[in-house]
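So this one's start07.csv, CSV, C-alpha atoms:
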chain,number,residue,atom,x,y,z
A,191,MET,CA,101.2,146.0,56.3
A,192,ASN,CA,103.4,142.9,56.2
A,193,GLU,CA,102.4,139.4,57.5
A,194,THR,CA,103.9,140.0,60.9
A,195,GLU,CA,102.2,143.3,61.3
A,196,THR,CA,98.9,141.9,60.2
A,197,ARG,CA,99.2,139.0,62.7
A,198,ALA,CA,100.0,141.4,65.5
A,199,LYS,CA,97.1,143.7,64.6
A,200,ILE,CA,94.7,140.8,64.5
A,201,ARG,CA,95.9,139.7,68.0
A,202,GLU,CA,95.4,143.2,69.3
A,203,ILE,CA,91.8,143.4,67.9
A,204,VAL,CA,90.9,140.0,69.3
A,205,LYS,CA,92.3,140.9,72.7
A,206,GLN,CA,90.2,144.1,72.6
A,207,PHE,CA,87.0,141.9,72.5
A,208,ALA,CA,88.2,138.9,74.5
A,209,SER,CA,86.8,138.0,77.9
A,210,GLU,CA,90.2,136.7,79.1
A,211,ASN,CA,93.6,138.5,79.0
A,212,ARG,CA,95.8,135.8,77.5
A,213,GLU,CA,97.4,134.8,74.2
A,214,PRO,CA,95.3,132.2,72.5
A,215,ASP,CA,96.9,129.6,70.2
A,216,ALA,CA,96.6,130.3,66.6
A,217,SER,CA,94.2,127.4,65.9
A,218,GLU,CA,92.2,127.6,69.2
A,219,SER,CA,88.5,128.1,68.7
A,220,LEU,CA,87.9,131.5,70.3
A,221,PHE,CA,84.2,130.7,70.8
A,222,GLU,CA,84.6,127.2,72.2
A,223,SER,CA,87.3,128.4,74.6
A,224,GLY,CA,85.0,131.2,75.8
A,225,MET,CA,87.4,134.0,74.8
A,226,LEU,CA,84.7,135.5,72.5
A,227,ASP,CA,81.0,135.3,72.7
A,228,SER,CA,78.4,135.7,69.9
A,229,PHE,CA,77.5,139.2,70.8
A,230,VAL,CA,81.0,140.7,70.5
A,231,LEU,CA,81.6,139.0,67.1
A,232,PRO,CA,79.7,141.6,65.0
A,233,GLU,CA,81.7,144.4,66.6
A,234,MET,CA,85.0,142.5,66.2
A,235,VAL,CA,84.2,142.0,62.5
A,236,SER,CA,83.6,145.8,62.2
A,237,ALA,CA,86.9,146.5,63.9
A,238,LEU,CA,88.7,144.2,61.4
A,239,GLU,CA,87.0,146.0,58.5
A,240,GLU,CA,88.2,149.3,59.9
A,241,ALA,CA,91.7,148.2,60.7
A,242,PHE,CA,92.4,146.6,57.4
A,243,HIS,CA,90.3,148.8,55.2
A,244,ILE,CA,88.3,145.8,54.0
A,245,CYS,CA,84.6,145.2,53.5
A,246,VAL,CA,83.1,141.9,54.7
A,247,PRO,CA,80.2,141.2,52.3
A,248,ASP,CA,77.1,139.5,53.7
A,249,ALA,CA,78.0,136.3,51.8
A,250,ASP,CA,81.1,136.1,54.0
A,251,LEU,CA,79.4,136.6,57.3
A,252,ASN,CA,80.1,133.1,58.4
A,253,PRO,CA,81.3,132.8,62.0
A,254,ARG,CA,83.8,130.1,60.9
A,255,HIS,CA,85.9,132.8,59.2
A,256,PHE,CA,86.4,134.4,62.6
A,257,GLU,CA,86.7,131.2,64.7
A,258,SER,CA,90.5,131.3,65.4
A,259,LEU,CA,93.4,133.6,64.9
A,260,ALA,CA,94.6,131.5,62.0
A,261,ARG,CA,91.2,131.6,60.3
A,262,ILE,CA,90.9,135.4,60.8
A,263,GLU,CA,94.4,135.8,59.4
A,264,ALA,CA,93.5,133.7,56.3
A,265,TYR,CA,90.3,135.6,55.8
A,266,VAL,CA,91.9,139.0,56.1
A,267,ALA,CA,94.6,138.0,53.7
A,268,SER,CA,92.0,136.9,51.2
A,269,ARG,CA,90.3,140.4,51.3
A,270,VAL,CA,93.3,142.8,51.3
B,86,MET,CA,49.8,154.2,52.3
B,87,ALA,CA,47.5,152.7,54.9
B,88,PHE,CA,46.9,153.8,58.5
B,89,ILE,CA,47.6,151.7,61.7
B,90,GLN,CA,44.5,151.6,63.8
B,91,ALA,CA,45.6,149.6,66.8
B,92,PHE,CA,47.5,146.6,68.1
B,93,GLY,CA,46.3,143.7,70.2
B,94,ALA,CA,47.9,141.0,72.3
B,95,TYR,CA,47.2,137.6,73.9
B,96,LEU,CA,49.5,135.8,76.3
B,97,PRO,CA,48.8,132.4,77.8
B,98,SER,CA,48.4,132.5,81.5
B,99,ARG,CA,51.1,129.9,82.4
B,100,ILE,CA,54.3,131.7,83.4
B,101,VAL,CA,57.5,129.6,83.1
B,102,SER,CA,60.3,131.1,85.2
B,103,ASN,CA,64.0,130.6,84.5
B,104,ALA,CA,64.2,128.5,87.7
B,105,GLU,CA,61.6,126.1,86.3
B,106,LEU,CA,63.2,126.0,82.9
B,107,ALA,CA,66.7,125.6,84.4
B,108,ALA,CA,65.6,122.6,86.4
B,109,ARG,CA,64.1,120.9,83.3
B,110,LEU,CA,67.1,121.7,81.1
B,111,GLY,CA,69.9,121.1,83.5
B,112,CYS,CA,71.4,124.6,83.5
B,113,GLU,CA,71.6,127.6,85.8
B,114,ALA,CA,68.7,130.2,86.0
B,115,ASP,CA,71.2,133.0,86.2
B,116,TRP,CA,72.9,131.9,83.0
B,117,ILE,CA,69.6,132.1,81.2
B,118,GLU,CA,69.1,135.7,82.1
B,119,GLN,CA,72.7,136.6,81.4
B,120,ALA,CA,72.6,135.0,78.0
B,121,SER,CA,69.3,136.4,76.9
B,122,GLY,CA,67.9,139.1,79.2
B,123,ILE,CA,64.9,136.8,79.7
B,124,ALA,CA,63.4,136.3,83.2
B,125,GLU,CA,60.3,134.4,82.3
B,126,ARG,CA,58.1,133.4,79.3
B,127,ARG,CA,54.6,132.1,78.8
B,128,TYR,CA,53.6,128.6,77.6
B,129,ALA,CA,50.2,127.8,76.1
B,130,ALA,CA,48.1,125.0,77.4
B,131,GLU,CA,48.5,121.6,75.8
B,132,ASP,CA,45.1,122.0,74.1
B,133,GLU,CA,45.6,125.6,73.0
B,134,SER,CA,46.4,125.8,69.3
B,135,VAL,CA,48.2,128.5,67.3
B,136,ALA,CA,44.8,129.5,65.9
B,137,ASP,CA,43.4,129.8,69.5
B,138,LEU,CA,46.2,132.2,70.4
B,139,ALA,CA,45.6,134.2,67.2
B,140,VAL,CA,41.9,134.6,67.7
B,141,ARG,CA,42.4,135.9,71.2
B,142,ALA,CA,44.9,138.5,69.9
B,143,ALA,CA,42.7,139.5,67.0
B,144,GLN,CA,39.7,140.0,69.4
B,145,ASP,CA,41.9,142.2,71.7
B,146,CYS,CA,43.0,144.3,68.7
B,147,LEU,CA,39.4,144.8,67.5
B,148,ALA,CA,38.3,145.6,71.0
B,149,CYS,CA,41.0,148.4,71.1
B,150,THR,CA,39.4,149.9,68.0
B,151,GLY,CA,35.8,149.4,69.0
B,152,ARG,CA,35.1,148.0,65.6
B,153,PRO,CA,33.2,144.8,64.9
B,154,ALA,CA,35.0,141.9,63.2
B,155,SER,CA,32.6,142.2,60.3
B,156,ASP,CA,34.5,145.3,59.2
B,157,VAL,CA,37.6,143.3,58.3
B,158,GLN,CA,38.0,142.6,54.6
B,159,LEU,CA,41.3,140.7,54.6
B,160,VAL,CA,43.0,138.5,57.2
B,161,ILE,CA,46.7,137.8,57.2
B,162,VAL,CA,48.1,135.3,59.8
B,163,ALA,CA,51.8,134.9,60.3
B,164,SER,CA,53.1,131.8,62.1
B,165,GLY,CA,56.3,129.7,61.9
B,166,SER,CA,55.2,127.2,64.5
B,167,GLU,CA,51.8,126.1,63.2
B,168,PRO,CA,52.2,122.3,63.1
B,169,ARG,CA,49.8,121.6,60.2
B,170,ARG,CA,51.3,122.1,56.8
B,171,PHE,CA,48.1,123.1,55.2
B,172,PRO,CA,45.7,124.7,55.5
B,173,GLY,CA,47.5,127.2,57.7
B,174,PRO,CA,45.8,128.9,60.6
B,175,ALA,CA,44.5,132.0,58.6
B,176,ALA,CA,41.3,130.4,57.3
B,177,VAL,CA,40.5,129.0,60.7
B,178,VAL,CA,41.1,132.3,62.4
B,179,ALA,CA,38.9,134.1,59.9
B,180,ASN,CA,36.2,131.5,60.4
B,181,ARG,CA,36.4,131.8,64.2
B,182,LEU,CA,36.0,135.6,63.9
B,183,GLY,CA,32.8,135.1,61.9
B,184,LEU,CA,34.5,136.2,58.6
B,185,ASP,CA,33.6,133.3,56.3
B,186,GLY,CA,34.1,134.4,52.7
B,187,VAL,CA,36.7,137.0,53.7
B,188,PRO,CA,40.1,136.1,52.1
B,189,ALA,CA,42.6,134.8,54.7
B,190,LEU,CA,46.3,134.5,53.9
B,191,ASP,CA,49.1,132.7,55.7
B,192,VAL,CA,52.6,134.1,56.1
B,193,PRO,CA,54.7,131.1,57.3
B,194,VAL,CA,58.0,132.8,57.9
B,195,ALA,CA,58.6,132.9,61.7
B,196,SER,CA,60.2,136.0,63.3
B,197,ALA,CA,59.8,138.4,60.4
B,198,GLY,CA,56.2,137.4,59.7
B,199,GLY,CA,54.5,140.2,61.6
B,200,LEU,CA,56.2,143.0,59.7
B,201,ILE,CA,55.9,141.1,56.4
B,202,GLY,CA,52.1,140.9,57.1
B,203,MET,CA,52.0,144.7,57.8
B,204,VAL,CA,53.8,145.4,54.5
B,205,MET,CA,51.5,143.1,52.6
B,206,GLY,CA,48.4,144.5,54.3
B,207,ASN,CA,49.6,148.0,53.6
B,208,ALA,CA,49.8,147.2,49.9
B,209,LEU,CA,46.6,145.2,49.7
B,210,ALA,CA,44.6,147.9,51.6
B,211,ALA,CA,44.0,149.6,48.3
B,212,THR,CA,41.7,146.6,47.4
B,213,TYR,CA,40.7,145.4,50.9
B,214,PRO,CA,40.5,148.6,53.0
B,215,VAL,CA,40.4,147.0,56.4
B,216,VAL,CA,43.2,144.4,57.0
B,217,LEU,CA,43.7,142.4,60.2
B,218,ILE,CA,47.2,141.1,60.6
B,219,VAL,CA,47.8,138.5,63.3
B,220,ALA,CA,51.0,136.8,64.4
B,221,ALA,CA,50.8,133.7,66.6
B,222,GLU,CA,53.3,131.3,67.9
B,223,LYS,CA,53.3,128.2,70.0
B,224,MET,CA,57.1,127.8,70.3
B,225,SER,CA,57.0,125.6,73.4
B,226,ASN,CA,55.8,122.6,71.4
B,227,LEU,CA,59.0,122.9,69.3
B,228,VAL,CA,61.7,123.9,71.8
B,229,MET,CA,60.7,121.5,74.6
B,230,ARG,CA,60.6,118.4,72.4
B,231,GLU,CA,63.1,115.8,73.8
B,232,PRO,CA,66.0,116.1,73.6
B,233,ALA,CA,65.6,119.8,74.2
B,234,ASP,CA,68.6,122.0,73.3
B,235,LYS,CA,69.0,124.4,76.2
B,236,ASN,CA,70.6,127.1,74.0
B,237,ILE,CA,67.4,127.2,72.0
B,238,ALA,CA,64.8,126.4,74.6
B,239,ILE,CA,65.8,129.2,77.0
B,240,LEU,CA,64.9,131.8,74.4
B,241,PHE,CA,61.4,131.1,73.3
B,242,GLY,CA,57.9,131.6,74.6
B,243,ASP,CA,54.3,131.5,73.3
B,244,GLY,CA,52.0,134.3,72.5
B,245,ALA,CA,50.1,136.2,69.8
B,246,GLY,CA,49.7,139.8,68.6
B,247,ALA,CA,47.6,141.6,66.1
B,248,CYS,CA,47.5,144.8,64.1
B,249,LEU,CA,44.5,146.5,62.3
B,250,LEU,CA,45.2,148.5,59.2
B,251,ASP,CA,42.7,150.8,57.6
B,252,ALA,CA,43.1,152.5,54.2
B,253,GLU,CA,41.5,155.8,55.3
B,254,ARG,CA,42.0,156.4,59.1
B,255,GLY,CA,44.0,155.5,62.1
B,256,THR,CA,46.4,156.6,64.8
B,257,ALA,CA,49.5,156.5,62.5
B,258,ARG,CA,50.2,156.5,58.8
B,259,VAL,CA,52.6,154.0,57.2
B,260,VAL,CA,55.2,156.2,55.6
B,261,ASP,CA,57.7,153.7,54.0
B,262,HIS,CA,59.1,150.3,54.4
B,263,ALA,CA,61.8,147.9,53.2
B,264,LEU,CA,61.9,144.1,53.1
B,265,HIS,CA,64.9,141.9,52.2
B,266,SER,CA,65.6,138.1,52.0
B,267,ASP,CA,68.7,136.0,51.7
B,268,GLY,CA,68.4,132.3,51.3
B,269,ALA,CA,72.1,131.7,51.5
B,270,PHE,CA,71.9,131.2,55.2
B,271,ALA,CA,68.6,129.3,55.3
B,272,ALA,CA,70.2,126.5,57.3
B,273,SER,CA,71.3,128.9,60.1
B,274,LEU,CA,67.8,128.9,61.6
B,275,ALA,CA,65.4,126.3,60.4
B,276,LEU,CA,62.4,124.2,61.4
B,277,GLN,CA,62.5,120.8,59.6
B,278,ALA,CA,59.4,118.9,58.6
B,279,ASP,CA,59.9,116.4,61.4
B,280,GLY,CA,59.6,119.3,63.9
B,281,THR,CA,63.3,119.7,64.7
B,282,LEU,CA,64.3,123.3,65.2
B,283,SER,CA,68.0,124.0,64.6
B,284,MET,CA,69.8,127.3,65.2
B,285,ASP,CA,73.3,128.5,64.6
B,286,GLY,CA,73.1,131.3,67.1
B,287,ARG,CA,76.5,132.9,66.1
B,288,SER,CA,75.4,133.2,62.5
B,289,VAL,CA,72.0,134.6,63.4
B,290,ILE,CA,73.5,137.2,65.7
B,291,LEU,CA,76.2,138.2,63.3
B,292,HIS,CA,73.7,138.7,60.4
B,293,ALA,CA,71.0,140.4,62.5
B,294,SER,CA,73.5,142.8,64.2
B,295,ARG,CA,74.5,144.1,60.8
B,296,LYS,CA,71.3,143.8,58.7
B,297,LEU,CA,68.9,145.4,61.2
B,298,PRO,CA,70.8,148.7,61.6
B,299,ARG,CA,71.3,148.8,57.9
B,300,VAL,CA,67.6,148.3,56.9
B,301,VAL,CA,66.5,150.8,59.5
B,302,SER,CA,69.0,153.4,58.1
B,303,GLU,CA,67.8,152.5,54.6
B,304,VAL,CA,64.2,153.5,55.4
B,305,LEU,CA,65.2,156.5,57.5
B,306,GLU,CA,67.6,158.0,54.9
B,307,ARG,CA,65.0,157.7,52.2
B,308,ASN,CA,62.8,159.9,54.4
B,309,GLN,CA,65.5,162.4,55.4
B,310,LEU,CA,65.6,161.1,59.0
B,311,SER,CA,68.5,160.0,61.2
B,312,PRO,CA,68.3,157.3,63.9
B,313,GLY,CA,68.4,160.0,66.5
B,314,ASP,CA,65.2,161.6,65.2
B,315,VAL,CA,63.2,158.4,66.1
B,316,PRO,CA,62.2,158.3,69.8
B,317,VAL,CA,60.8,154.7,69.7
B,318,TYR,CA,61.9,151.5,67.9
B,319,LEU,CA,59.5,148.6,68.0
B,320,MET,CA,61.6,145.5,67.3
B,321,HIS,CA,61.3,141.8,67.1
B,322,GLN,CA,62.2,140.8,70.6
B,323,ALA,CA,64.9,138.2,69.8
B,324,ASN,CA,67.4,138.7,72.6
B,325,GLN,CA,68.1,141.7,74.8
B,326,ASN,CA,71.9,141.5,74.0
B,327,LEU,CA,71.1,141.7,70.3
B,328,MET,CA,68.8,144.7,70.8
B,329,ASP,CA,71.5,146.4,72.8
B,330,ALA,CA,73.9,145.8,69.9
B,331,VAL,CA,71.5,147.2,67.4
B,332,ALA,CA,71.1,150.3,69.5
B,333,ARG,CA,74.9,150.8,69.7
B,334,ALA,CA,75.1,150.4,65.9
B,335,LEU,CA,72.4,153.0,65.4
B,336,ARG,CA,74.1,155.2,68.0
B,337,VAL,CA,70.9,155.7,69.9
B,338,PRO,CA,70.3,155.0,73.7
B,339,ALA,CA,69.3,151.4,74.3
B,340,ASP,CA,66.0,152.4,75.9
B,341,ARG,CA,64.7,153.8,72.6
B,342,LEU,CA,64.3,150.2,71.6
B,343,PHE,CA,61.1,149.2,73.4
B,344,SER,CA,61.7,145.9,75.2
B,345,ASN,CA,59.5,143.4,76.9
B,346,ILE,CA,61.6,140.4,76.2
B,347,ARG,CA,62.3,140.0,80.0
B,348,ASN,CA,58.7,139.0,80.6
B,349,TYR,CA,57.8,137.0,77.5
B,350,GLY,CA,61.0,135.8,75.8
B,351,ASN,CA,61.3,135.5,72.1
B,352,THR,CA,57.8,134.8,70.7
B,353,SER,CA,59.0,134.8,67.1
B,354,SER,CA,56.6,136.6,64.8
B,355,ALA,CA,54.2,137.5,67.7
B,356,SER,CA,56.9,139.6,69.5
B,357,LEU,CA,56.7,142.7,67.3
B,358,PHE,CA,52.9,143.1,67.9
B,359,LEU,CA,53.3,142.1,71.6
B,360,ALA,CA,55.8,144.9,72.0
B,361,ALA,CA,53.6,147.3,70.0
B,362,ALA,CA,50.5,146.5,72.0
B,363,GLU,CA,52.3,147.1,75.3
B,364,TRP,CA,53.8,150.3,74.0
B,365,GLN,CA,50.4,151.4,72.8
B,366,ALA,CA,48.9,150.8,76.2
B,367,ALA,CA,51.5,153.1,77.7
B,368,GLY,CA,50.6,155.9,75.3
B,369,GLY,CA,51.4,154.9,71.8
B,370,PHE,CA,51.6,157.2,68.7
B,371,GLN,CA,51.8,160.9,69.0
B,372,THR,CA,51.0,163.4,66.2
B,373,GLY,CA,54.0,163.9,63.9
B,374,VAL,CA,56.3,161.6,65.8
B,375,PRO,CA,58.0,158.8,63.8
B,376,VAL,CA,58.2,155.2,65.0
B,377,VAL,CA,60.3,152.5,63.4
B,378,PHE,CA,59.3,148.8,63.3
B,379,ALA,CA,62.1,146.4,62.5
B,380,VAL,CA,62.5,142.6,62.4
B,381,PHE,CA,65.0,139.9,61.5
B,382,GLY,CA,64.4,136.1,61.3
B,383,ALA,CA,64.8,132.8,59.7
B,384,GLY,CA,65.2,132.9,56.0
B,385,PHE,CA,67.0,135.2,56.5
B,386,HIS,CA,64.1,137.7,56.1
B,387,TRP,CA,64.5,141.2,57.6
B,388,GLY,CA,62.9,144.6,57.2
B,389,ALA,CA,61.8,147.9,58.6
B,390,LEU,CA,58.7,150.0,58.5
B,391,LEU,CA,58.4,153.7,59.3
B,392,ALA,CA,55.1,155.1,60.6
B,393,THR,CA,54.2,158.6,61.8
B,394,GLY,CA,51.5,159.4,64.4
B,395,VAL,CA,48.6,161.4,63.0

Using structure tokens, write down the structure that the file contains.
Amino acid sequence: MNETETRAKIREIVKQFASENREPDASESLFESGMLDSFVLPEMVSALEEAFHICVPDADLNPRHFESLARIEAYVASRV
Amino acid sequence: MAFIQAFGAYLPSRIVSNAELAARLGCEADWIEQASGIAERRYAAEDESVADLAVRAAQDCLACTGRPASDVQLVIVASGSEPRRFPGPAAVVANRLGLDGVPALDVPVASAGGLIGMVMGNALAATYPVVLIVAAEKMSNLVMREPADKNIAILFGDGAGACLLDAERGTARVVDHALHSDGAFAASLALQADGTLSMDGRSVILHASRKLPRVVSEVLERNQLSPGDVPVYLMHQANQNLMDAVARALRVPADRLFSNIRNYGNTSSASLFLAAAEWQAAGGFQTGVPVVFAVFGAGFHWGALLATGV
């Protein structure tokens, strides 16, 4: 999966769990803007693991890694 | 492995509704219920201590068994909200039960404390055959300190629960258990020495949602059981949304996770025994039927215990 495909896939997963149907900015806090709440975060992390065939170890279970599209992209890139 | 004889409970009489709390915290009552599944909680009286709550729960537990307090050979008291650094409430609780000279140990680890007490009691029952485990919390003292954080204050309530273990007889046998700890996230949920309670809710939920199903599966797999084989899960009552997420992860119907959080809120370590006591009153253990207890809390500490009705 190239960078563009990865970015598109991450946007698709975030949309799946978002409470609003809109395109967030890459650096926008998905939690502070209300697009994601705490209770969908664990399921979104599981969806990222499945989509990118990665394992998020407990040590990386820091919500900041999943705070924005840009942060999710950086984290996924570090794991694949 | 020891046997579970009975559970006990004590809840302070004062009911604090979402409407009352919302007015004090400057938020909406509906938002509290939506965010937590909690409709009301109990607050202890100003002069009611953690030890007072614990003694009442212990007495209720002993009354359920019909046994005198003098049978108890070891007392374990879990509390994360006891304001005195030392001695903890265990020795006071033992004294108030007339158990002077009986060893009394404190487990000061908040939400996971009840289950940790059960695991310790189970192991120590070989030496002290009758073990009384009590979990008591006066969370209102902590969460309603000014300036109160509404995201924390809406969740917690006061209460106490107890469990009596016996090395030789009871209504269920402890089959297996697993405990884990990870201090890397200690700051995610912490009570500082000055009484300040801080919580990174997202971090707590993220870890609990993954660690609870995992530890339950760990214990079940070791005993050739799957989550669907267990009709009742008795959990730390942290948040209804979290319990629903754990049920989804275990792929079991949400109603298999016994819940009374709507009426009492999150009572930290006490919640496991408050749930167990209410479940016991509605019928409790049945011969040959497995029941799983599971907790997660500050530390992080988490664990699960499998028991089967006899």

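Using all atoms listed in the file, the smallest distance between any of A:Glu263, A:Glu222, A:Glu195, A:Glu233 and chain B comes from A:Glu233.
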
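Considering all atoms listed in the file, the residue among B:Asn226, B:Gln371, B:Ser302, B:Asn324 positioned nearest to Ala130 of chain B is B:Asn226.
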
message: Can you pull out the residues contacting Pro214 of chain A? Cut-off 10 Å, using only C-alpha atoms, and skip same-chain residues under 6 positions away; I want them as a ChimeraX atom specification.
response: /A:201,204-205,208,220,223,225,258-259

Each residue of chain A lying at most 12 Å from chain B should get a row with its shortest atom-to-atom pair and the distance in Å to one decimal, counting only C-alpha atoms; could you produce that, ordered by chain and increasing number, as CSV?
residue,atom,partner,partner_atom,distance
A:Phe221,CA,B:Arg287,CA,9.3
A:Glu222,CA,B:Arg287,CA,11.6
A:Leu226,CA,B:Arg287,CA,10.7
A:Asp227,CA,B:Arg287,CA,8.3
A:Ser228,CA,B:Arg287,CA,5.1
A:Phe229,CA,B:Ile290,CA,6.8
A:Val230,CA,B:Ala330,CA,8.8
A:Leu231,CA,B:Leu291,CA,6.7
A:Pro232,CA,B:Leu291,CA,5.2
A:Glu233,CA,B:Ala330,CA,8.6
A:Met234,CA,B:Leu291,CA,10.2
A:Val235,CA,B:Leu291,CA,8.9
A:Ser236,CA,B:Arg295,CA,9.4
A:Val246,CA,B:Arg295,CA,10.8
A:Pro247,CA,B:Arg295,CA,10.6
A:Asp248,CA,B:His292,CA,7.6
A:Ala249,CA,B:Ala269,CA,7.5
A:Asp250,CA,B:His292,CA,10.1
A:Leu251,CA,B:His292,CA,6.8
A:Asn252,CA,B:Ser288,CA,6.2
A:Pro253,CA,B:Ser288,CA,5.9
A:Arg254,CA,B:Ser288,CA,9.1
A:His255,CA,B:Ser288,CA,11.0
A:Phe256,CA,B:Arg287,CA,10.6
A:Glu257,CA,B:Arg287,CA,10.4

Point-to-point distance from atom CA of Leu274 of chain B to atom CA of Ala360 of chain B, Å rounded to tenths: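 Atom CA of Ala360 of chain B lies at a distance of 22.5 Å from atom CA of Leu274 of chain B.
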
Quick one: residues within 8 Å of (55.2, 130.2, 61.7) (file frame), counting all atoms listed in the file, please, as a PDB file with C-alpha atoms, in the frame of the given file.
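Result file follows (result10.pdb):
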ATOM      1  CA  ALA B 163      51.800 134.900  60.300  1.00  0.00           C
ATOM      2  CA  SER B 164      53.100 131.800  62.100  1.00  0.00           C
ATOM      3  CA  GLY B 165      56.300 129.700  61.900  1.00  0.00           C
ATOM      4  CA  SER B 166      55.200 127.200  64.500  1.00  0.00           C
ATOM      5  CA  GLU B 167      51.800 126.100  63.200  1.00  0.00           C
ATOM      6  CA  VAL B 192      52.600 134.100  56.100  1.00  0.00           C
ATOM      7  CA  PRO B 193      54.700 131.100  57.300  1.00  0.00           C
ATOM      8  CA  VAL B 194      58.000 132.800  57.900  1.00  0.00           C
ATOM      9  CA  ALA B 195      58.600 132.900  61.700  1.00  0.00           C
ATOM     10  CA  SER B 196      60.200 136.000  63.300  1.00  0.00           C
ATOM     11  CA  GLY B 198      56.200 137.400  59.700  1.00  0.00           C
ATOM     12  CA  ALA B 221      50.800 133.700  66.600  1.00  0.00           C
ATOM     13  CA  GLU B 222      53.300 131.300  67.900  1.00  0.00           C
ATOM     14  CA  SER B 354      56.600 136.600  64.800  1.00  0.00           C
TER      15      SER B 354
END

task: Give as a ChimeraX atom specification the set of residues within 8 Å of the point (64.4, 141.5, 60.3), where distances use the file's coordinates and all atoms listed in the file.
output: /B:196-197,293,296-297,321,379-382,385-389

message: What does the structure give for the distance between atom CA of Ala323 of chain B and atom CA of Ala108 of chain B, in Å to one decimal?
response: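 Here the two named atoms are 22.8 Å from each other.
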
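You can rank A:Val270, A:Ala264, A:Ala237, A:Cys245 by their closest distance to Ile203 of chain A using all atoms listed in the file, and at the top of that list sits A:Ala237.
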
message: With distances taken over all atoms listed in the file, which residue among A:Ser219, A:Arg212, A:Tyr265, A:Gln206 lies nearest Phe242 of chain A?
response: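 Counting all atoms listed in the file, the residue closest to Phe242 of chain A is A:Tyr265.
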
field: Distance query Val160 of chain B at most 9 Å, only C-alpha atoms, self and fewer than 2 positions along chain excluded, as a PyMOL selection string
entry: chain B and resi 157-158+162+175-176+178-179+184+187-191+206+215-219

- prompt: Distance atom CA of Cys149 of chain B-atom CA of Ala124 of chain B, one decimal place?
  reply: 28.2 Å

Nearby residues (all atoms listed in the file) at most 10 Å from Asn348 of chain B, same-chain spacing under 6 positions excluded, as an MDAnalysis selection string: chainID B and resid 100:102 122:127 242

Could you write out that same residue set with C-alpha atoms as a tab-separated table (two decimals), in the frame of the given file?
chain	number	residue	atom	x	y	z
B	100	ILE	CA	54.30	131.70	83.40
B	101	VAL	CA	57.50	129.60	83.10
B	102	SER	CA	60.30	131.10	85.20
B	122	GLY	CA	67.90	139.10	79.20
B	123	ILE	CA	64.90	136.80	79.70
B	124	ALA	CA	63.40	136.30	83.20
B	125	GLU	CA	60.30	134.40	82.30
B	126	ARG	CA	58.10	133.40	79.30
B	127	ARG	CA	54.60	132.10	78.80
B	242	GLY	CA	57.90	131.60	74.60

Test item: residues at most 7 Å from segment 244-258 of chain B, only C-alpha atoms, excluding those fewer than 5 positions along its chain, as a PyMOL selection string: chain B and resi 86-97+138-139+142-143+146+210-211+214-223+352+355+358-359+370+392-395

Extract segment 288-299 of chain B from the structure I just pasted (atoms: N, CA and C atoms) and return it as a PDB file, in the first residue's frame.
ATOM      1  N   SER B 288      -7.333   7.171  27.886  1.00  0.00           N
ATOM      2  CA  SER B 288      -6.294   6.166  28.110  1.00  0.00           C
ATOM      3  C   SER B 288      -6.862   4.994  28.911  1.00  0.00           C
ATOM      4  N   VAL B 289      -7.624   5.306  29.962  1.00  0.00           N
ATOM      5  CA  VAL B 289      -8.207   4.252  30.807  1.00  0.00           C
ATOM      6  C   VAL B 289      -9.131   3.360  29.971  1.00  0.00           C
ATOM      7  N   ILE B 290      -9.990   3.983  29.172  1.00  0.00           N
ATOM      8  CA  ILE B 290     -10.952   3.210  28.375  1.00  0.00           C
ATOM      9  C   ILE B 290     -10.232   2.383  27.312  1.00  0.00           C
ATOM     10  N   LEU B 291      -9.226   2.985  26.679  1.00  0.00           N
ATOM     11  CA  LEU B 291      -8.488   2.269  25.635  1.00  0.00           C
ATOM     12  C   LEU B 291      -7.820   1.018  26.198  1.00  0.00           C
ATOM     13  N   HIS B 292      -7.169   1.165  27.354  1.00  0.00           N
ATOM     14  CA  HIS B 292      -6.486   0.009  27.959  1.00  0.00           C
ATOM     15  C   HIS B 292      -7.488  -1.001  28.512  1.00  0.00           C
ATOM     16  N   ALA B 293      -8.503  -0.517  29.210  1.00  0.00           N
ATOM     17  CA  ALA B 293      -9.465  -1.438  29.816  1.00  0.00           C
ATOM     18  C   ALA B 293     -10.210  -2.238  28.750  1.00  0.00           C
ATOM     19  N   SER B 294     -10.546  -1.583  27.641  1.00  0.00           N
ATOM     20  CA  SER B 294     -11.309  -2.259  26.579  1.00  0.00           C
ATOM     21  C   SER B 294     -10.534  -3.401  25.958  1.00  0.00           C
ATOM     22  N   ARG B 295      -9.210  -3.308  26.011  1.00  0.00           N
ATOM     23  CA  ARG B 295      -8.403  -4.388  25.415  1.00  0.00           C
ATOM     24  C   ARG B 295      -7.928  -5.386  26.460  1.00  0.00           C
ATOM     25  N   LYS B 296      -7.571  -4.896  27.643  1.00  0.00           N
ATOM     26  CA  LYS B 296      -6.997  -5.786  28.653  1.00  0.00           C
ATOM     27  C   LYS B 296      -8.054  -6.665  29.328  1.00  0.00           C
ATOM     28  N   LEU B 297      -9.244  -6.133  29.540  1.00  0.00           N
ATOM     29  CA  LEU B 297     -10.275  -6.944  30.219  1.00  0.00           C
ATOM     30  C   LEU B 297     -10.669  -8.179  29.391  1.00  0.00           C
ATOM     31  N   PRO B 298     -11.029  -8.021  28.111  1.00  0.00           N
ATOM     32  CA  PRO B 298     -11.360  -9.232  27.334  1.00  0.00           C
ATOM     33  C   PRO B 298     -10.183 -10.204  27.252  1.00  0.00           C
ATOM     34  N   ARG B 299      -8.979  -9.642  27.186  1.00  0.00           N
ATOM     35  CA  ARG B 299      -7.792 -10.496  27.050  1.00  0.00           C
ATOM     36  C   ARG B 299      -7.563 -11.344  28.311  1.00  0.00           C
TER      37      ARG B 299
END
